[in-house]
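*Asks:* Just passing along the structure, written as structure tokens.
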4 protein chains.
Amino acid sequence: MPKDIEVHSSVKDETLIAMRREQIIKGAVKLFKEKGFHKATTREIAKAAGFSIGTLYEYIRTKEDVLYLVCDRIFNEVTLKLSPYQNEEGTLDTLRRAIYEYYYLIHRMHIEFTIMYQETKSLPKDTRAYILDREYEMVSMFAELLRSCVASGELALKEQYILIAANQIVVQGQAWAFRNWAYKKDYKIEQFIEAQTELFLYGLKGFS
Amino acid sequence: MPKDIEVHSSVKDETLIAMRREQIIKGAVKLFKEKGFHKATTREIAKAAGFSIGTLYEYIRTKEDVLYLVCDRIFNEVTLKLSPYQNEEGTLDTLRRAIYEYYYLIHRMHIEFTIMYQETKSLPKDTRAYILDREYEMVSMFAELLRSCVASGELALKEQYILIAANQIVVQGQAWAFRNWAYKKDYKIEQFIEAQTELFLYGLKGFS
Amino acid sequence: MPKDIEVHSSVKDETLIAMRREQIIKGAVKLFKEKGFHKATTREIAKAAGFSIGTLYEYIRTKEDVLYLVCDRIFNEVTLKLSPYQNEEGTLDTLRRAIYEYYYLIHRMHIEFTIMYQETKSLPKDTRAYILDREYEMVSMFAELLRSCVASGELALKEQYILIAANQIVVQGQAWAFRNWAYKKDYKIEQFIEAQTELFLYGLKGFS
Amino acid sequence: MPKDIEVHSSVKDETLIAMRREQIIKGAVKLFKEKGFHKATTREIAKAAGFSIGTLYEYIRTKEDVLYLVCDRIFNEVTLKLSPYQNEEGTLDTLRRAIYEYYYLIHRMHIEFTIMYQETKSLPKDTRAYILDREYEMVSMFAELLRSCVASGELALKEQYILIAANQIVVQGQAWAFRNWAYKKDYKIEQFIEAQTELFLYGLKGFS
DNA sequence: AATGAATGAGTTTTCATTCAT
DNA sequence: AATGAATGAAAACTCATTCAT
């Protein structure tokens, strides 16, 4: 698991820091959703968080820290949701449920996900690297799941294609967030998940 | 096909406009690749294009026009590459070749594609709508191909899943561009295309 | 009395706003006098006011706001000076003193007045309308004075000519400001006032 | 009479110059009326004149030259209209007719006059001086007329007040142009002229 | 003589960040 | 710890003027 990046704060009280950051993330997500990271000003972020610009800067160092905070939050939620499946036995059913859980999470947090995928490149080099690491971690979780399905004989997938397949799961899920305009007219999330899962498992030829 | 959006120019000579726009696109792509649209200044764009800031503004109206010019170019190339497949008979082989062509194009223009998918949201409302229209057009081309495979009996895909499948093709291709970091260590483009195509056609269960 | 137009400020402390605006007006008048509104840059205005460009924009929204601030100031002074005469009884003597007060005020503030009459058209539509309203208010004050002279029998002026006469007073006063070059060689302000007043009251035929 | 200021042109053919300048003045007046001198661009001036920006600069040196051309034109018209009255005998009737002619001219050319009085300060020092000279010339014409009325015994005005009175005629006329908003609701030009003339000749006390 | 593409200095305005209170 | 006034670098865009054709 990637080493956490510390966002510096001049405030000492850890509980307070946690509370304020919570406010910052909440406000920022709402704001970024409306106008994107670039068009949101730090003043607006502070206001959305419920305090003054001066206070905002007691809990972050730069505007980009806010973006990082938001991204970090998302990954923590994903990791939290998916980690139980890590320890289950490798069956197709486990895989289905993990995919379901992941896609559903994306659905609930689609605003946050969209922000993350659109603004990542605005992060400074090192932070971006950390985000990619965590993204990779997500892919790895699915890769592991696939591998244990292979190990248990439920799947016959050559090692070299594990990563492609895992990536495909992750990307298609994200697509529900960042390409929602392409789906929402024709599909509900449940339909999307089902179709995507079947297509993934059985392909075009085996999918009715 | 969506109606083209005109980018205003105060210069009258159409050939000259075409030439200068070519320079602008070339310079901008290079620049955006390095620092992204937001961090690239208009002065830098002008310089990269090989002329002064004043001249740049003879050929565009706003900085966003440059982004639009870049996006428009990409779609034109995609449409150009894929349109021949529209008229072919609906066989799996045609589909395979269309996918190959599309993925390969993305590979060659992966910088441009990445820019497009990361910066689209920076475009003004109407231009963004136009881009989404063209994106939809791309999906439609694959949807048509799938439908004609169904018509010819090579595929048995319910109409309601055509769109999901077409979107999947498009998204997975784009992923090669905007998530290249996740693939490039383990796959060459040919391997990626092959694996992706097989996975798509035969699914996990039918894919060795 | 026309409703005041609010100039937006992002600063909350009203006393501070008043103080800074005072500095802005003072600096701007000096600057506009030297080079006119158009040739004065916002940076110069800030400098003349004694602070940075960033601070200037904490107290105004646009450059035109500065012009408005200057104009508004002038009218406030005029209104302040002339309002006492409103309540006096309608005698020629009151009229004489009001004219004197008004012309003298213009003399003391002739730079401000000149700026105002030369730059008004640079104001945005709504602000310009407000200025004209206040200008009309000034004319009205003199018109009222004339009417009360008529009422008291000191003057026999048909209602239809009241406005022309009131306008004449106002315009001739302004002329001392914006056409000062035409008078200053030959007249002192006192002479100007006296001559103008006599000419106005008794005309060419009755004026020696 | 003030010495004419030469506006340099790189074109030799004098007839052509005259023709082009005519076009320039016509176009510029229309344009300045709409947006004022500052907001009109040289490109727009050229277009309004009916030729290209390059050609415009064959007939002027700077943008300010255009303003000068417009101002100069106005004075020429005024001088042309008023000079006949110079040679007439000094009667009140002549004076009345001269005022009428002058006010009526302003009425017909009120756009040009307004431009002139609002934009004069945008002229470079030397040109502005020339304009003031010509303005002075206008005042002088009326001053002469007044003097000859005094000489003929029709008027008894001390020399020291001649200038004030002449200026008053001139200024009140201009006011019809630049303060038209204050008059137009209540007066037609004929009423304005009549009232103004009577007020001027007989004053408030002698004016019914 | 006429054209219009090219130039770049100059302008207004924004906004992340700091720091005295 | 919290505030918010002050700062000034930086950015997009304009437009008078030139000059090669």
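Naming scheme: A, B, ... for chains in displayed order of the structure tokens; residues 1 onward per chain; ligands 1 onward as shown.
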Per residue of chain F within 10 Å of chain D, what are the shortest atom pair and its distance in Å to one decimal, counting only C-alpha atoms (C1' of nucleotides), with rows by chain and residue number, as JSON lines?
*Replies:*
```
{"residue": "F:DT14", "atom": "C1'", "partner": "D:Thr41", "partner_atom": "CA", "distance": 9.8}
{"residue": "F:DC15", "atom": "C1'", "partner": "D:Thr41", "partner_atom": "CA", "distance": 7.0}
{"residue": "F:DA16", "atom": "C1'", "partner": "D:Thr42", "partner_atom": "CA", "distance": 7.2}
{"residue": "F:DT17", "atom": "C1'", "partner": "D:Thr62", "partner_atom": "CA", "distance": 8.2}
{"residue": "F:DT18", "atom": "C1'", "partner": "D:Gly54", "partner_atom": "CA", "distance": 9.1}
{"residue": "F:DC19", "atom": "C1'", "partner": "D:Gly54", "partner_atom": "CA", "distance": 9.6}
```
*Asks:* Where does chain A meet chain B within 6 Å, residue by residue, with the nearest atom pair and distance in Å to one decimal for each, counting only C-alpha atoms, listed by chain and rising number, as a tab-separated table?
*Replies:*
```
residue	atom	partner	partner_atom	distance
A:Gln118	CA	B:Gln118	CA	5.6
A:Ala156	CA	B:Ser208	CA	5.7
A:Leu157	CA	B:Ser208	CA	5.2
A:Phe200	CA	B:Gly203	CA	5.2
A:Leu201	CA	B:Leu204	CA	4.5
A:Tyr202	CA	B:Gly203	CA	4.1
A:Gly203	CA	B:Gly203	CA	3.3
A:Leu204	CA	B:Leu201	CA	4.5
A:Lys205	CA	B:Tyr202	CA	5.4
A:Ser208	CA	B:Leu157	CA	5.2
```
*Asks:* Pick the closest to DG8 (chain F) from E:DA9, E:DC15, E:DA20, E:DA1: which is it, counting only C-alpha atoms (C1' of nucleotides)?
*Replies:*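 Among the listed residues, the smallest separation from DG8 (chain F) belongs to E:DC15.
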*Asks:* With a distance threshold of 10 Å and counting only C-alpha atoms (C1' of nucleotides), extract the residues of chain B near chain E and express them as number ranges by chain.
*Replies:* B: 10-13, 16, 51-56, 58
*Asks:* Restrict the selected residues to N, CA and C atoms and save them as a compact mmCIF listing (two decimals), in the first residue's frame.
*Replies:*
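Okay, again.txt is ready:
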```txt
# COMPACT_ATOMS: atom_id res chain seq x y z
N SER B 10 -10.05 36.83 -38.19
CA SER B 10 -10.18 38.12 -38.89
C SER B 10 -9.38 38.12 -40.19
N VAL B 11 -8.71 37.03 -40.44
CA VAL B 11 -7.96 36.93 -41.69
C VAL B 11 -8.87 36.36 -42.77
N LYS B 12 -8.69 36.84 -43.98
CA LYS B 12 -9.62 36.46 -45.04
C LYS B 12 -9.15 35.28 -45.88
N ASP B 13 -7.86 35.22 -46.12
CA ASP B 13 -7.30 34.17 -46.97
C ASP B 13 -7.47 32.78 -46.35
N LEU B 16 -4.40 30.54 -46.03
CA LEU B 16 -3.52 31.00 -44.95
C LEU B 16 -4.09 30.56 -43.60
N PHE B 51 4.60 32.09 -34.13
CA PHE B 51 4.39 33.51 -34.41
C PHE B 51 4.02 34.27 -33.15
N SER B 52 3.70 35.54 -33.31
CA SER B 52 3.49 36.40 -32.15
C SER B 52 2.09 36.23 -31.57
N ILE B 53 1.93 36.71 -30.37
CA ILE B 53 0.64 36.63 -29.70
C ILE B 53 -0.44 37.33 -30.52
N GLY B 54 -0.08 38.45 -31.10
CA GLY B 54 -1.02 39.19 -31.93
C GLY B 54 -1.51 38.35 -33.10
N THR B 55 -0.58 37.70 -33.74
CA THR B 55 -0.95 36.87 -34.88
C THR B 55 -1.83 35.70 -34.45
N LEU B 56 -1.52 35.13 -33.32
CA LEU B 56 -2.36 34.04 -32.82
C LEU B 56 -3.81 34.47 -32.78
N GLU B 58 -5.29 36.55 -34.45
CA GLU B 58 -5.90 36.81 -35.76
C GLU B 58 -6.62 35.54 -36.23
```
*Asks:* Find the residues around Ile131 (chain D) up to 12 Å (only C-alpha atoms (C1' of nucleotides) counted), leave out those fewer than 6 positions away in its own chain, and share them as a PDB file with all heavy atoms, in the first residue's frame.
*Replies:*
```
ATOM      1  N   MET D   1      -6.825  84.454 -37.973  1.00  0.00           N
ATOM      2  CA  MET D   1      -7.289  83.056 -38.106  1.00  0.00           C
ATOM      3  C   MET D   1      -6.140  82.084 -37.863  1.00  0.00           C
ATOM      4  O   MET D   1      -5.049  82.250 -38.413  1.00  0.00           O
ATOM      5  CB  MET D   1      -7.860  82.860 -39.525  1.00  0.00           C
ATOM      6  CG  MET D   1      -8.264  81.439 -39.817  1.00  0.00           C
ATOM      7  SD  MET D   1      -9.565  81.369 -41.072  1.00  0.00           S
ATOM      8  CE  MET D   1      -9.466  79.629 -41.497  1.00  0.00           C
ATOM      9  N   PRO D   2      -6.371  81.092 -37.047  1.00  0.00           N
ATOM     10  CA  PRO D   2      -5.294  80.161 -36.657  1.00  0.00           C
ATOM     11  C   PRO D   2      -4.728  79.453 -37.873  1.00  0.00           C
ATOM     12  O   PRO D   2      -5.456  79.152 -38.819  1.00  0.00           O
ATOM     13  CB  PRO D   2      -5.992  79.161 -35.735  1.00  0.00           C
ATOM     14  CG  PRO D   2      -7.282  79.787 -35.344  1.00  0.00           C
ATOM     15  CD  PRO D   2      -7.645  80.729 -36.417  1.00  0.00           C
ATOM     16  N   LYS D   3      -3.452  79.202 -37.826  1.00  0.00           N
ATOM     17  CA  LYS D   3      -2.796  78.511 -38.929  1.00  0.00           C
ATOM     18  C   LYS D   3      -3.234  77.033 -38.934  1.00  0.00           C
ATOM     19  O   LYS D   3      -3.219  76.348 -37.922  1.00  0.00           O
ATOM     20  CB  LYS D   3      -1.278  78.604 -38.768  1.00  0.00           C
ATOM     21  CG  LYS D   3      -0.523  78.130 -40.002  1.00  0.00           C
ATOM     22  CD  LYS D   3       0.845  78.803 -40.104  1.00  0.00           C
ATOM     23  CE  LYS D   3       1.557  78.825 -38.769  1.00  0.00           C
ATOM     24  NZ  LYS D   3       2.395  77.769 -38.400  1.00  0.00           N
ATOM     25  N   ASP D   4      -3.629  76.558 -40.081  1.00  0.00           N
ATOM     26  CA  ASP D   4      -4.066  75.181 -40.245  1.00  0.00           C
ATOM     27  C   ASP D   4      -2.951  74.208 -39.881  1.00  0.00           C
ATOM     28  O   ASP D   4      -1.793  74.432 -40.183  1.00  0.00           O
ATOM     29  CB  ASP D   4      -4.445  74.960 -41.714  1.00  0.00           C
ATOM     30  CG  ASP D   4      -5.755  74.204 -41.803  1.00  0.00           C
ATOM     31  OD1 ASP D   4      -6.526  74.254 -40.829  1.00  0.00           O
ATOM     32  OD2 ASP D   4      -6.000  73.582 -42.843  1.00  0.00           O
ATOM     33  N   ILE D   5      -3.340  73.121 -39.225  1.00  0.00           N
ATOM     34  CA  ILE D   5      -2.362  72.076 -38.955  1.00  0.00           C
ATOM     35  C   ILE D   5      -2.433  71.070 -40.085  1.00  0.00           C
ATOM     36  O   ILE D   5      -3.515  70.629 -40.482  1.00  0.00           O
ATOM     37  CB  ILE D   5      -2.662  71.394 -37.609  1.00  0.00           C
ATOM     38  CG1 ILE D   5      -2.359  72.368 -36.474  1.00  0.00           C
ATOM     39  CG2 ILE D   5      -1.829  70.133 -37.453  1.00  0.00           C
ATOM     40  CD1 ILE D   5      -2.501  71.748 -35.112  1.00  0.00           C
ATOM     41  N   LEU D  67      -9.599  62.338 -35.355  1.00  0.00           N
ATOM     42  CA  LEU D  67     -10.374  63.223 -34.486  1.00  0.00           C
ATOM     43  C   LEU D  67     -10.155  64.673 -34.892  1.00  0.00           C
ATOM     44  O   LEU D  67     -11.109  65.466 -34.972  1.00  0.00           O
ATOM     45  CB  LEU D  67      -9.943  62.997 -33.031  1.00  0.00           C
ATOM     46  CG  LEU D  67     -10.732  63.734 -31.960  1.00  0.00           C
ATOM     47  CD1 LEU D  67     -12.218  63.479 -32.088  1.00  0.00           C
ATOM     48  CD2 LEU D  67     -10.243  63.326 -30.573  1.00  0.00           C
ATOM     49  N   TYR D  68      -8.927  64.994 -35.188  1.00  0.00           N
ATOM     50  CA  TYR D  68      -8.619  66.356 -35.608  1.00  0.00           C
ATOM     51  C   TYR D  68      -9.374  66.723 -36.879  1.00  0.00           C
ATOM     52  O   TYR D  68      -9.951  67.816 -37.009  1.00  0.00           O
ATOM     53  CB  TYR D  68      -7.120  66.516 -35.823  1.00  0.00           C
ATOM     54  CG  TYR D  68      -6.776  67.817 -36.491  1.00  0.00           C
ATOM     55  CD1 TYR D  68      -6.855  69.014 -35.783  1.00  0.00           C
ATOM     56  CD2 TYR D  68      -6.409  67.858 -37.835  1.00  0.00           C
ATOM     57  CE1 TYR D  68      -6.579  70.206 -36.399  1.00  0.00           C
ATOM     58  CE2 TYR D  68      -6.129  69.037 -38.456  1.00  0.00           C
ATOM     59  CZ  TYR D  68      -6.213  70.224 -37.745  1.00  0.00           C
ATOM     60  OH  TYR D  68      -5.951  71.414 -38.357  1.00  0.00           O
ATOM     61  N   LEU D  69      -9.372  65.799 -37.816  1.00  0.00           N
ATOM     62  CA  LEU D  69     -10.069  66.020 -39.084  1.00  0.00           C
ATOM     63  C   LEU D  69     -11.545  66.340 -38.837  1.00  0.00           C
ATOM     64  O   LEU D  69     -12.116  67.263 -39.440  1.00  0.00           O
ATOM     65  CB  LEU D  69      -9.963  64.748 -39.942  1.00  0.00           C
ATOM     66  CG  LEU D  69      -9.127  64.756 -41.224  1.00  0.00           C
ATOM     67  CD1 LEU D  69      -7.984  65.727 -41.180  1.00  0.00           C
ATOM     68  CD2 LEU D  69      -8.632  63.350 -41.539  1.00  0.00           C
ATOM     69  N   VAL D  70     -12.130  65.592 -37.937  1.00  0.00           N
ATOM     70  CA  VAL D  70     -13.546  65.803 -37.625  1.00  0.00           C
ATOM     71  C   VAL D  70     -13.763  67.178 -37.001  1.00  0.00           C
ATOM     72  O   VAL D  70     -14.655  67.929 -37.408  1.00  0.00           O
ATOM     73  CB  VAL D  70     -14.062  64.692 -36.675  1.00  0.00           C
ATOM     74  CG1 VAL D  70     -15.444  65.027 -36.128  1.00  0.00           C
ATOM     75  CG2 VAL D  70     -14.093  63.356 -37.385  1.00  0.00           C
ATOM     76  N   CYS D  71     -12.924  67.509 -36.027  1.00  0.00           N
ATOM     77  CA  CYS D  71     -13.063  68.801 -35.351  1.00  0.00           C
ATOM     78  C   CYS D  71     -12.870  69.949 -36.335  1.00  0.00           C
ATOM     79  O   CYS D  71     -13.614  70.930 -36.339  1.00  0.00           O
ATOM     80  CB  CYS D  71     -12.051  68.917 -34.206  1.00  0.00           C
ATOM     81  SG  CYS D  71     -12.357  67.765 -32.868  1.00  0.00           S
ATOM     82  N   ASP D  72     -11.871  69.795 -37.147  1.00  0.00           N
ATOM     83  CA  ASP D  72     -11.550  70.847 -38.107  1.00  0.00           C
ATOM     84  C   ASP D  72     -12.743  71.096 -39.023  1.00  0.00           C
ATOM     85  O   ASP D  72     -13.104  72.249 -39.300  1.00  0.00           O
ATOM     86  CB  ASP D  72     -10.329  70.422 -38.933  1.00  0.00           C
ATOM     87  CG  ASP D  72      -9.734  71.588 -39.686  1.00  0.00           C
ATOM     88  OD1 ASP D  72      -9.587  72.669 -39.073  1.00  0.00           O
ATOM     89  OD2 ASP D  72      -9.452  71.432 -40.889  1.00  0.00           O
ATOM     90  N   ARG D  73     -13.321  70.043 -39.463  1.00  0.00           N
ATOM     91  CA  ARG D  73     -14.486  70.143 -40.335  1.00  0.00           C
ATOM     92  C   ARG D  73     -15.608  70.985 -39.696  1.00  0.00           C
ATOM     93  O   ARG D  73     -16.179  71.875 -40.305  1.00  0.00           O
ATOM     94  CB  ARG D  73     -15.003  68.734 -40.636  1.00  0.00           C
ATOM     95  CG  ARG D  73     -16.467  68.655 -41.076  1.00  0.00           C
ATOM     96  CD  ARG D  73     -16.675  69.385 -42.403  1.00  0.00           C
ATOM     97  NE  ARG D  73     -15.679  68.992 -43.360  1.00  0.00           N
ATOM     98  CZ  ARG D  73     -15.822  67.966 -44.203  1.00  0.00           C
ATOM     99  NH1 ARG D  73     -16.948  67.301 -44.224  1.00  0.00           N
ATOM    100  NH2 ARG D  73     -14.843  67.650 -45.032  1.00  0.00           N
ATOM    101  N   ILE D  74     -15.848  70.703 -38.428  1.00  0.00           N
ATOM    102  CA  ILE D  74     -16.913  71.418 -37.732  1.00  0.00           C
ATOM    103  C   ILE D  74     -16.650  72.917 -37.714  1.00  0.00           C
ATOM    104  O   ILE D  74     -17.501  73.720 -38.057  1.00  0.00           O
ATOM    105  CB  ILE D  74     -17.066  70.889 -36.296  1.00  0.00           C
ATOM    106  CG1 ILE D  74     -17.477  69.418 -36.333  1.00  0.00           C
ATOM    107  CG2 ILE D  74     -18.098  71.697 -35.529  1.00  0.00           C
ATOM    108  CD1 ILE D  74     -17.392  68.725 -34.991  1.00  0.00           C
ATOM    109  N   PHE D  75     -15.437  73.268 -37.338  1.00  0.00           N
ATOM    110  CA  PHE D  75     -15.119  74.696 -37.259  1.00  0.00           C
ATOM    111  C   PHE D  75     -15.229  75.370 -38.614  1.00  0.00           C
ATOM    112  O   PHE D  75     -15.663  76.517 -38.711  1.00  0.00           O
ATOM    113  CB  PHE D  75     -13.730  74.899 -36.665  1.00  0.00           C
ATOM    114  CG  PHE D  75     -13.727  74.722 -35.196  1.00  0.00           C
ATOM    115  CD1 PHE D  75     -13.016  73.701 -34.607  1.00  0.00           C
ATOM    116  CD2 PHE D  75     -14.474  75.569 -34.389  1.00  0.00           C
ATOM    117  CE1 PHE D  75     -13.032  73.522 -33.243  1.00  0.00           C
ATOM    118  CE2 PHE D  75     -14.495  75.387 -33.019  1.00  0.00           C
ATOM    119  CZ  PHE D  75     -13.771  74.373 -32.444  1.00  0.00           C
ATOM    120  N   ASN D  76     -14.836  74.647 -39.636  1.00  0.00           N
ATOM    121  CA  ASN D  76     -14.944  75.246 -40.958  1.00  0.00           C
ATOM    122  C   ASN D  76     -16.391  75.562 -41.303  1.00  0.00           C
ATOM    123  O   ASN D  76     -16.686  76.620 -41.857  1.00  0.00           O
ATOM    124  CB  ASN D  76     -14.329  74.324 -42.012  1.00  0.00           C
ATOM    125  CG  ASN D  76     -12.821  74.342 -41.939  1.00  0.00           C
ATOM    126  OD1 ASN D  76     -12.231  75.314 -41.430  1.00  0.00           O
ATOM    127  ND2 ASN D  76     -12.185  73.283 -42.404  1.00  0.00           N
ATOM    128  N   MET D 116     -16.983  66.564 -30.615  1.00  0.00           N
ATOM    129  CA  MET D 116     -15.900  67.524 -30.437  1.00  0.00           C
ATOM    130  C   MET D 116     -15.714  67.906 -28.975  1.00  0.00           C
ATOM    131  O   MET D 116     -14.618  67.879 -28.441  1.00  0.00           O
ATOM    132  CB  MET D 116     -16.176  68.757 -31.272  1.00  0.00           C
ATOM    133  CG  MET D 116     -15.017  69.698 -31.320  1.00  0.00           C
ATOM    134  SD  MET D 116     -15.255  70.926 -32.589  1.00  0.00           S
ATOM    135  CE  MET D 116     -16.302  72.083 -31.724  1.00  0.00           C
ATOM    136  N   TYR D 117     -16.807  68.204 -28.290  1.00  0.00           N
ATOM    137  CA  TYR D 117     -16.664  68.665 -26.923  1.00  0.00           C
ATOM    138  C   TYR D 117     -16.338  67.563 -25.952  1.00  0.00           C
ATOM    139  O   TYR D 117     -15.814  67.812 -24.880  1.00  0.00           O
ATOM    140  CB  TYR D 117     -17.895  69.459 -26.499  1.00  0.00           C
ATOM    141  CG  TYR D 117     -17.882  70.771 -27.218  1.00  0.00           C
ATOM    142  CD1 TYR D 117     -18.788  71.052 -28.216  1.00  0.00           C
ATOM    143  CD2 TYR D 117     -16.862  71.690 -26.961  1.00  0.00           C
ATOM    144  CE1 TYR D 117     -18.714  72.222 -28.931  1.00  0.00           C
ATOM    145  CE2 TYR D 117     -16.776  72.862 -27.670  1.00  0.00           C
ATOM    146  CZ  TYR D 117     -17.702  73.127 -28.657  1.00  0.00           C
ATOM    147  OH  TYR D 117     -17.592  74.267 -29.359  1.00  0.00           O
ATOM    148  N   GLU D 119     -14.415  64.830 -26.827  1.00  0.00           N
ATOM    149  CA  GLU D 119     -13.169  64.138 -27.128  1.00  0.00           C
ATOM    150  C   GLU D 119     -11.955  65.044 -27.284  1.00  0.00           C
ATOM    151  O   GLU D 119     -10.835  64.557 -27.408  1.00  0.00           O
ATOM    152  CB  GLU D 119     -13.334  63.290 -28.401  1.00  0.00           C
ATOM    153  CG  GLU D 119     -14.568  62.413 -28.408  1.00  0.00           C
ATOM    154  CD  GLU D 119     -14.461  61.203 -27.466  1.00  0.00           C
ATOM    155  OE1 GLU D 119     -13.501  61.147 -26.677  1.00  0.00           O
ATOM    156  OE2 GLU D 119     -15.349  60.333 -27.515  1.00  0.00           O
ATOM    157  N   THR D 120     -12.194  66.335 -27.268  1.00  0.00           N
ATOM    158  CA  THR D 120     -11.088  67.276 -27.462  1.00  0.00           C
ATOM    159  C   THR D 120      -9.864  66.935 -26.622  1.00  0.00           C
ATOM    160  O   THR D 120      -8.739  66.951 -27.103  1.00  0.00           O
ATOM    161  CB  THR D 120     -11.542  68.708 -27.118  1.00  0.00           C
ATOM    162  OG1 THR D 120     -12.559  69.089 -28.045  1.00  0.00           O
ATOM    163  CG2 THR D 120     -10.389  69.679 -27.238  1.00  0.00           C
ATOM    164  N   LYS D 121     -10.115  66.592 -25.381  1.00  0.00           N
ATOM    165  CA  LYS D 121      -8.971  66.345 -24.481  1.00  0.00           C
ATOM    166  C   LYS D 121      -8.155  65.126 -24.903  1.00  0.00           C
ATOM    167  O   LYS D 121      -7.056  64.909 -24.392  1.00  0.00           O
ATOM    168  CB  LYS D 121      -9.424  66.195 -23.033  1.00  0.00           C
ATOM    169  CG  LYS D 121     -10.352  65.049 -22.769  1.00  0.00           C
ATOM    170  CD  LYS D 121      -9.922  64.133 -21.684  1.00  0.00           C
ATOM    171  CE  LYS D 121     -10.530  62.754 -21.967  1.00  0.00           C
ATOM    172  NZ  LYS D 121     -11.537  62.676 -23.053  1.00  0.00           N
ATOM    173  N   SER D 122      -8.676  64.322 -25.831  1.00  0.00           N
ATOM    174  CA  SER D 122      -7.922  63.172 -26.309  1.00  0.00           C
ATOM    175  C   SER D 122      -6.909  63.563 -27.374  1.00  0.00           C
ATOM    176  O   SER D 122      -6.094  62.745 -27.791  1.00  0.00           O
ATOM    177  CB  SER D 122      -8.869  62.131 -26.897  1.00  0.00           C
ATOM    178  OG  SER D 122      -9.797  61.724 -25.942  1.00  0.00           O
ATOM    179  N   LEU D 123      -6.992  64.796 -27.815  1.00  0.00           N
ATOM    180  CA  LEU D 123      -6.047  65.234 -28.840  1.00  0.00           C
ATOM    181  C   LEU D 123      -4.685  65.512 -28.232  1.00  0.00           C
ATOM    182  O   LEU D 123      -4.583  65.864 -27.058  1.00  0.00           O
ATOM    183  CB  LEU D 123      -6.568  66.511 -29.509  1.00  0.00           C
ATOM    184  CG  LEU D 123      -7.789  66.332 -30.408  1.00  0.00           C
ATOM    185  CD1 LEU D 123      -8.367  67.695 -30.786  1.00  0.00           C
ATOM    186  CD2 LEU D 123      -7.398  65.571 -31.664  1.00  0.00           C
ATOM    187  N   PRO D 124      -3.652  65.377 -29.017  1.00  0.00           N
ATOM    188  CA  PRO D 124      -2.317  65.735 -28.521  1.00  0.00           C
ATOM    189  C   PRO D 124      -2.256  67.248 -28.294  1.00  0.00           C
ATOM    190  O   PRO D 124      -3.013  68.000 -28.900  1.00  0.00           O
ATOM    191  CB  PRO D 124      -1.391  65.305 -29.642  1.00  0.00           C
ATOM    192  CG  PRO D 124      -2.260  65.143 -30.847  1.00  0.00           C
ATOM    193  CD  PRO D 124      -3.620  64.815 -30.366  1.00  0.00           C
ATOM    194  N   LYS D 125      -1.369  67.626 -27.432  1.00  0.00           N
ATOM    195  CA  LYS D 125      -1.222  69.026 -27.000  1.00  0.00           C
ATOM    196  C   LYS D 125      -1.384  70.052 -28.111  1.00  0.00           C
ATOM    197  O   LYS D 125      -2.211  70.955 -28.026  1.00  0.00           O
ATOM    198  CB  LYS D 125       0.153  69.203 -26.334  1.00  0.00           C
ATOM    199  CG  LYS D 125       0.170  68.858 -24.869  1.00  0.00           C
ATOM    200  CD  LYS D 125       0.184  70.132 -23.991  1.00  0.00           C
ATOM    201  CE  LYS D 125      -0.513  69.931 -22.669  1.00  0.00           C
ATOM    202  NZ  LYS D 125       0.081  68.864 -21.831  1.00  0.00           N
ATOM    203  N   GLU D 137     -11.820  81.788 -31.835  1.00  0.00           N
ATOM    204  CA  GLU D 137     -12.198  82.511 -33.037  1.00  0.00           C
ATOM    205  C   GLU D 137     -13.723  82.658 -33.119  1.00  0.00           C
ATOM    206  O   GLU D 137     -14.253  83.725 -33.464  1.00  0.00           O
ATOM    207  CB  GLU D 137     -11.683  81.715 -34.240  1.00  0.00           C
ATOM    208  CG  GLU D 137     -11.757  82.391 -35.568  1.00  0.00           C
ATOM    209  CD  GLU D 137     -11.497  81.378 -36.692  1.00  0.00           C
ATOM    210  OE1 GLU D 137     -11.717  80.163 -36.456  1.00  0.00           O
ATOM    211  OE2 GLU D 137     -11.115  81.791 -37.786  1.00  0.00           O
ATOM    212  N   MET D 138     -14.399  81.598 -32.771  1.00  0.00           N
ATOM    213  CA  MET D 138     -15.857  81.615 -32.790  1.00  0.00           C
ATOM    214  C   MET D 138     -16.383  82.633 -31.785  1.00  0.00           C
ATOM    215  O   MET D 138     -17.278  83.431 -32.086  1.00  0.00           O
ATOM    216  CB  MET D 138     -16.376  80.232 -32.417  1.00  0.00           C
ATOM    217  CG  MET D 138     -17.210  79.582 -33.468  1.00  0.00           C
ATOM    218  SD  MET D 138     -17.327  77.803 -33.125  1.00  0.00           S
ATOM    219  CE  MET D 138     -18.267  77.786 -31.602  1.00  0.00           C
TER     220      MET D 138
END
```
*Asks:* Give me every alpha helix (DSSP H) residue in chain D, going by DSSP on the backbone, as a ChimeraX atom specification.
*Replies:* /D:14-39,42-49,53-59,63-87,92-108,110-119,125-151,159-178,180-183,189-206
*Asks:* Please, what distance in Å, to one decimal, runs between CA of Ala40 (chain A) and CA of Arg20 (chain A)?
*Replies:*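 Straight-line distance from CA of Ala40 (chain A) to CA of Arg20 (chain A) works out to 18.6 Å.
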